[in-house]
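J.: Below is one structure. I have some questions about it.
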Amino acid sequence: EIQSLIPTRTLKIKQELPASGGSNYEGFEALKRRVPLSIKSLGVAITKEDYEAIAMLQDGVLKAYANFMCSRFVQVFIVPDNYGVASNWLIEQVYNKLSASKVITTSVQVYPVYLAKLRFQLEVFGNKSFTSLEIKKQIQDALLEKFSWENAELNNIIKLSDVYALIDNLPVVDYLNIESMYLMTN
């Protein structure tokens, strides 16, 4: 139809973000996660937890965080099943689901969650019985376990003292100095 409207022009479409919001059949893990949420909220959004549960009941949503402001304004942030950025379609579906479940006087907004990167510069003195490669691998594994996209909690504050404790308590580490830590957002 577009070619008939503009026959001399070539139309190009560029998809900036990866697709999100779609998913395969609902597997056992998804059922284990969603059934308690539906029982807990009973389809009515009153509390912060209700808004998060109802958002996560939407197909394609893996995680949700509600910023609950005096029960008059609620901002809900969502992560799709593929850990990408939620599409406009998925945001609209969650918004519609929450709007149908909320109290009339409550204003709801739904936003995607964007990836943030943590950058560290560390000075590590390892225990003498471990090689530098073993020390580096255990530190990287511990940081990924704690702060990876899959494991991180939404709106979780990352404290320098928690990072010190995480790394310093590894059996391969004797002494640690964090020279810099940056949070970089897209």
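Following the order of the structure tokens, first chain is A, next is B, and so on, with residues numbered from 1 inside each chain and ligands from 1 in the order they appear.
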Give me every helix (DSSP H, G or I) residue in segment 21-157 of chain A, going by DSSP on the backbone, as an NGL selection string.
T.: :A and (28-41 or 48-57 or 88-101 or 132-147)
J.: Taking the backbone alone, and naming residues the way the document does, which bits of segment 44-181 of chain A are strand (DSSP E) by DSSP, as a PyMOL selection string?
T.: chain A and resi 61-69+73-80+107-112+116-126+173-181
J.: Neighbouring residues of Ile139 of chain A were defined as those with any atom within 10 Å, considering only C-alpha atoms; residues of the same chain fewer than 2 positions away were excluded. Please report them as a VMD selection string.
T.: chain A and resid 124 133 to 137 141 to 145 166 to 168 170 172 to 173
J.: Keeping only all heavy atoms, write the selected residues as a CSV table (one decimal), in the first residue's frame.
T.:
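Heads up, here's the output in selection18.csv:
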chain,number,residue,atom,x,y,z
A,124,VAL,N,43.9,-5.8,44.3
A,124,VAL,CA,43.6,-7.0,45.1
A,124,VAL,C,44.9,-7.7,45.5
A,124,VAL,O,45.7,-7.9,44.6
A,124,VAL,CB,42.7,-8.0,44.3
A,124,VAL,CG1,42.4,-9.3,45.1
A,124,VAL,CG2,41.4,-7.3,44.0
A,133,LEU,N,45.0,-15.8,38.1
A,133,LEU,CA,43.9,-16.2,37.2
A,133,LEU,C,42.7,-16.7,38.1
A,133,LEU,O,41.5,-16.4,37.8
A,133,LEU,CB,44.3,-17.2,36.1
A,133,LEU,CG,45.2,-16.6,35.0
A,133,LEU,CD1,45.6,-17.7,34.1
A,133,LEU,CD2,44.5,-15.5,34.3
A,134,GLU,N,43.0,-17.6,39.1
A,134,GLU,CA,42.0,-18.1,39.9
A,134,GLU,C,41.3,-17.0,40.8
A,134,GLU,O,40.1,-16.9,40.9
A,134,GLU,CB,42.5,-19.1,40.9
A,134,GLU,CG,43.0,-20.4,40.2
A,134,GLU,CD,43.7,-21.3,41.2
A,134,GLU,OE1,44.6,-20.9,42.0
A,134,GLU,OE2,43.4,-22.5,41.2
A,135,ILE,N,42.1,-16.0,41.2
A,135,ILE,CA,41.6,-14.9,42.0
A,135,ILE,C,40.7,-14.1,41.2
A,135,ILE,O,39.6,-13.7,41.6
A,135,ILE,CB,42.8,-14.1,42.6
A,135,ILE,CG1,43.6,-15.0,43.6
A,135,ILE,CG2,42.3,-12.8,43.3
A,135,ILE,CD1,44.9,-14.4,44.0
A,136,LYS,N,41.2,-13.7,40.0
A,136,LYS,CA,40.4,-12.9,39.1
A,136,LYS,C,39.1,-13.5,38.7
A,136,LYS,O,38.0,-12.9,38.7
A,136,LYS,CB,41.2,-12.6,37.8
A,136,LYS,CG,40.5,-11.7,36.8
A,136,LYS,CD,41.3,-11.4,35.6
A,136,LYS,CE,40.6,-10.5,34.6
A,136,LYS,NZ,41.4,-10.3,33.4
A,137,LYS,N,39.1,-14.8,38.4
A,137,LYS,CA,37.9,-15.6,38.0
A,137,LYS,C,36.9,-15.6,39.2
A,137,LYS,O,35.7,-15.4,39.0
A,137,LYS,CB,38.2,-17.0,37.6
A,137,LYS,CG,37.0,-17.9,37.4
A,137,LYS,CD,37.0,-18.6,36.1
A,137,LYS,CE,35.9,-19.5,35.8
A,137,LYS,NZ,34.6,-18.9,35.9
A,141,ASP,N,33.2,-13.9,39.0
A,141,ASP,CA,32.0,-14.8,39.2
A,141,ASP,C,31.2,-14.3,40.4
A,141,ASP,O,29.9,-14.3,40.3
A,141,ASP,CB,32.5,-16.2,39.5
A,141,ASP,CG,33.0,-17.0,38.3
A,141,ASP,OD1,32.9,-16.4,37.2
A,141,ASP,OD2,33.6,-18.0,38.5
A,142,ALA,N,31.8,-13.8,41.5
A,142,ALA,CA,31.1,-13.3,42.6
A,142,ALA,C,30.3,-12.0,42.2
A,142,ALA,O,29.1,-11.8,42.6
A,142,ALA,CB,32.0,-13.0,43.8
A,143,LEU,N,31.0,-11.1,41.5
A,143,LEU,CA,30.3,-9.9,41.1
A,143,LEU,C,29.2,-10.2,40.1
A,143,LEU,O,28.1,-9.6,40.2
A,143,LEU,CB,31.3,-8.9,40.4
A,143,LEU,CG,32.4,-8.3,41.3
A,143,LEU,CD1,33.5,-7.6,40.5
A,143,LEU,CD2,31.7,-7.3,42.3
A,144,LEU,N,29.3,-11.1,39.2
A,144,LEU,CA,28.3,-11.5,38.3
A,144,LEU,C,27.1,-12.1,39.0
A,144,LEU,O,25.9,-11.9,38.7
A,144,LEU,CB,28.8,-12.4,37.1
A,144,LEU,CG,29.6,-11.7,36.1
A,144,LEU,CD1,30.2,-12.7,35.1
A,144,LEU,CD2,28.7,-10.7,35.3
A,145,GLU,N,27.4,-13.0,39.9
A,145,GLU,CA,26.4,-13.6,40.7
A,145,GLU,C,25.5,-12.6,41.4
A,145,GLU,O,24.3,-12.7,41.5
A,145,GLU,CB,27.0,-14.6,41.7
A,145,GLU,CG,26.0,-15.3,42.6
A,145,GLU,CD,25.2,-16.3,42.0
A,145,GLU,OE1,25.5,-16.9,40.9
A,145,GLU,OE2,24.1,-16.6,42.5
A,166,LEU,N,31.6,-8.3,49.8
A,166,LEU,CA,31.4,-9.4,48.8
A,166,LEU,C,32.8,-10.0,48.4
A,166,LEU,O,33.0,-11.2,48.4
A,166,LEU,CB,30.6,-9.0,47.6
A,166,LEU,CG,30.5,-10.0,46.5
A,166,LEU,CD1,29.5,-11.1,46.9
A,166,LEU,CD2,29.9,-9.3,45.2
A,167,ILE,N,33.7,-9.1,48.0
A,167,ILE,CA,35.0,-9.5,47.4
A,167,ILE,C,35.9,-9.9,48.5
A,167,ILE,O,36.6,-10.9,48.4
A,167,ILE,CB,35.6,-8.4,46.6
A,167,ILE,CG1,34.7,-8.1,45.3
A,167,ILE,CG2,37.0,-8.7,46.1
A,167,ILE,CD1,35.1,-6.9,44.5
A,168,ASP,N,36.0,-9.1,49.6
A,168,ASP,CA,36.9,-9.4,50.7
A,168,ASP,C,36.6,-10.7,51.4
A,168,ASP,O,37.5,-11.3,52.0
A,168,ASP,CB,36.9,-8.2,51.7
A,168,ASP,CG,38.1,-8.2,52.6
A,168,ASP,OD1,39.2,-8.5,52.1
A,168,ASP,OD2,38.0,-7.9,53.8
A,170,LEU,N,35.8,-13.5,50.0
A,170,LEU,CA,36.1,-14.6,49.1
A,170,LEU,C,37.4,-15.3,49.7
A,170,LEU,O,38.3,-14.6,50.1
A,170,LEU,CB,36.4,-14.2,47.7
A,170,LEU,CG,35.2,-13.7,46.9
A,170,LEU,CD1,35.6,-13.1,45.6
A,170,LEU,CD2,34.2,-14.7,46.7
A,172,VAL,N,39.9,-16.5,48.3
A,172,VAL,CA,41.1,-16.2,47.5
A,172,VAL,C,41.7,-14.8,47.8
A,172,VAL,O,42.8,-14.5,47.4
A,172,VAL,CB,40.8,-16.3,46.0
A,172,VAL,CG1,40.4,-17.8,45.6
A,172,VAL,CG2,39.8,-15.4,45.5
A,173,VAL,N,40.9,-14.0,48.5
A,173,VAL,CA,41.3,-12.6,48.7
A,173,VAL,C,41.9,-12.4,50.1
A,173,VAL,O,41.2,-12.8,51.1
A,173,VAL,CB,40.1,-11.6,48.4
A,173,VAL,CG1,40.5,-10.2,48.8
A,173,VAL,CG2,39.6,-11.7,47.0
J.: If we count only C-alpha atoms, what is near Ser101 of chain A at a cut-off of 12 Å, once residues fewer than 4 positions away on the same chain are taken out, given as a ChimeraX atom specification?
T.: /A:41-47,50-55,94-97,105-108
J.: Could you write out that same residue set with N, CA, C and O atoms as a tab-separated table (two decimals), in the first residue's frame?
T.:
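The resulting result20.tsv:
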chain	number	residue	atom	x	y	z
A	41	SER	N	-2.61	-11.27	44.74
A	41	SER	CA	-3.22	-9.97	44.40
A	41	SER	C	-4.72	-10.06	44.14
A	41	SER	O	-5.42	-9.06	44.25
A	42	LEU	N	-5.20	-11.23	43.77
A	42	LEU	CA	-6.61	-11.44	43.41
A	42	LEU	C	-7.08	-10.46	42.32
A	42	LEU	O	-8.25	-10.13	42.23
A	43	GLY	N	-6.13	-9.97	41.52
A	43	GLY	CA	-6.48	-9.10	40.40
A	43	GLY	C	-6.83	-7.67	40.79
A	43	GLY	O	-7.34	-6.93	39.96
A	44	VAL	N	-6.57	-7.28	42.04
A	44	VAL	CA	-6.88	-5.93	42.49
A	44	VAL	C	-5.59	-5.26	42.96
A	44	VAL	O	-4.85	-5.82	43.76
A	45	ALA	N	-5.32	-4.07	42.43
A	45	ALA	CA	-4.09	-3.34	42.77
A	45	ALA	C	-4.38	-2.31	43.85
A	45	ALA	O	-5.00	-1.28	43.59
A	46	ILE	N	-3.94	-2.61	45.06
A	46	ILE	CA	-4.09	-1.69	46.18
A	46	ILE	C	-2.71	-1.33	46.73
A	46	ILE	O	-2.38	-0.17	46.86
A	47	THR	N	-1.91	-2.34	47.03
A	47	THR	CA	-0.60	-2.12	47.63
A	47	THR	C	0.50	-2.12	46.57
A	47	THR	O	0.28	-2.52	45.42
A	50	ASP	N	0.85	-5.50	45.16
A	50	ASP	CA	-0.21	-5.83	44.20
A	50	ASP	C	0.15	-5.33	42.81
A	50	ASP	O	-0.03	-6.04	41.82
A	51	TYR	N	0.63	-4.08	42.73
A	51	TYR	CA	1.00	-3.51	41.43
A	51	TYR	C	2.12	-4.33	40.78
A	51	TYR	O	2.09	-4.61	39.58
A	52	GLU	N	3.12	-4.72	41.59
A	52	GLU	CA	4.22	-5.53	41.05
A	52	GLU	C	3.72	-6.89	40.60
A	52	GLU	O	4.09	-7.37	39.51
A	53	ALA	N	2.86	-7.52	41.40
A	53	ALA	CA	2.34	-8.85	41.06
A	53	ALA	C	1.51	-8.80	39.78
A	53	ALA	O	1.67	-9.65	38.89
A	54	ILE	N	0.63	-7.84	39.66
A	54	ILE	CA	-0.23	-7.74	38.48
A	54	ILE	C	0.60	-7.45	37.23
A	54	ILE	O	0.35	-8.01	36.16
A	55	ALA	N	1.61	-6.61	37.36
A	55	ALA	CA	2.49	-6.34	36.21
A	55	ALA	C	3.22	-7.62	35.78
A	55	ALA	O	3.33	-7.90	34.58
A	94	VAL	N	0.79	-3.77	29.97
A	94	VAL	CA	0.89	-3.70	31.44
A	94	VAL	C	0.05	-2.52	31.95
A	94	VAL	O	-0.67	-2.65	32.94
A	95	TYR	N	0.14	-1.39	31.27
A	95	TYR	CA	-0.64	-0.22	31.67
A	95	TYR	C	-2.14	-0.54	31.66
A	95	TYR	O	-2.87	-0.23	32.61
A	96	ASN	N	-2.61	-1.20	30.60
A	96	ASN	CA	-4.03	-1.55	30.51
A	96	ASN	C	-4.45	-2.51	31.62
A	96	ASN	O	-5.53	-2.37	32.21
A	97	LYS	N	-3.58	-3.48	31.91
A	97	LYS	CA	-3.88	-4.45	32.96
A	97	LYS	C	-3.94	-3.76	34.33
A	97	LYS	O	-4.85	-4.02	35.13
A	105	THR	N	-8.92	6.62	41.79
A	105	THR	CA	-8.19	7.87	42.08
A	105	THR	C	-6.67	7.73	41.94
A	105	THR	O	-5.95	8.70	42.13
A	106	THR	N	-6.18	6.55	41.59
A	106	THR	CA	-4.74	6.33	41.47
A	106	THR	C	-4.30	6.53	40.03
A	106	THR	O	-4.90	6.01	39.11
A	107	SER	N	-3.21	7.28	39.87
A	107	SER	CA	-2.61	7.51	38.55
A	107	SER	C	-1.46	6.53	38.37
A	107	SER	O	-0.58	6.43	39.23
A	108	VAL	N	-1.45	5.81	37.24
A	108	VAL	CA	-0.43	4.79	36.99
A	108	VAL	C	0.38	5.17	35.76
A	108	VAL	O	-0.17	5.60	34.75
J.: Considering only C-alpha atoms, state which residue in the set A:Val79, A:Leu115, A:Leu160, A:Val85 is at the smallest distance from Gln58 of chain A.
T.: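 Using only C-alpha atoms, the shortest distance to Gln58 of chain A belongs to A:Val79.
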J.: Just how far from atom CA of Phe120 of chain A is atom CA of Asp174 of chain A, in Å to one decimal?
T.: 18.1 Å
J.: Under the rule that only C-alpha atoms are counted, which of A:Ser132, A:Gln109, A:Ser99, A:Gln121 is the nearest residue to Met181 of chain A?
T.: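 Ranking A:Ser132, A:Gln109, A:Ser99, A:Gln121 by distance to Met181 of chain A, first place goes to A:Gln121.
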J.: Under the rule that only C-alpha atoms are counted, which of A:Tyr114, A:Asn88, A:Leu57, A:Val74 is the nearest residue to Leu154 of chain A?
T.: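 Closest to Leu154 of chain A, using only C-alpha atoms: A:Tyr114.
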J.: Hey, what's within 12 Å of Asn156 of chain A if we count only C-alpha atoms and toss same-chain stuff fewer than 4 positions away? As a list in words, please?
T.: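 My reading of the contact set: Tyr65, Ala116, Lys146, Phe147, Trp149, Asn151, Ala152 and Asp162 of chain A.
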J.: Take atom CA of Ile91 of chain A and atom CA of Ile158 of chain A and report the distance between them in Å, one decimal.
T.: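 One can read the atom CA of Ile91 of chain A to atom CA of Ile158 of chain A distance as 26.6 Å.
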J.: Could you work out how far atom CA of Tyr175 of chain A lies from atom CA of Gly126 of chain A, giving the answer in Å with one decimal?
T.: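 Separating atom CA of Gly126 of chain A from atom CA of Tyr175 of chain A is a distance of 6.7 Å.
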J.: Select, from A:Trp89, A:Phe68, A:Phe130, A:Tyr111, the residue with the minimum atom-to-atom distance to Pro171 of chain A, counting only C-alpha atoms.
T.: A:Phe130
J.: Between A:Ile104, A:Ile178, A:Leu122, A:Ala86, which is the closest to Asp59 of chain A once you count only C-alpha atoms?
T.: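 Looking only at the distances to Asp59 of chain A, the closest residue turns out to be A:Ala86.
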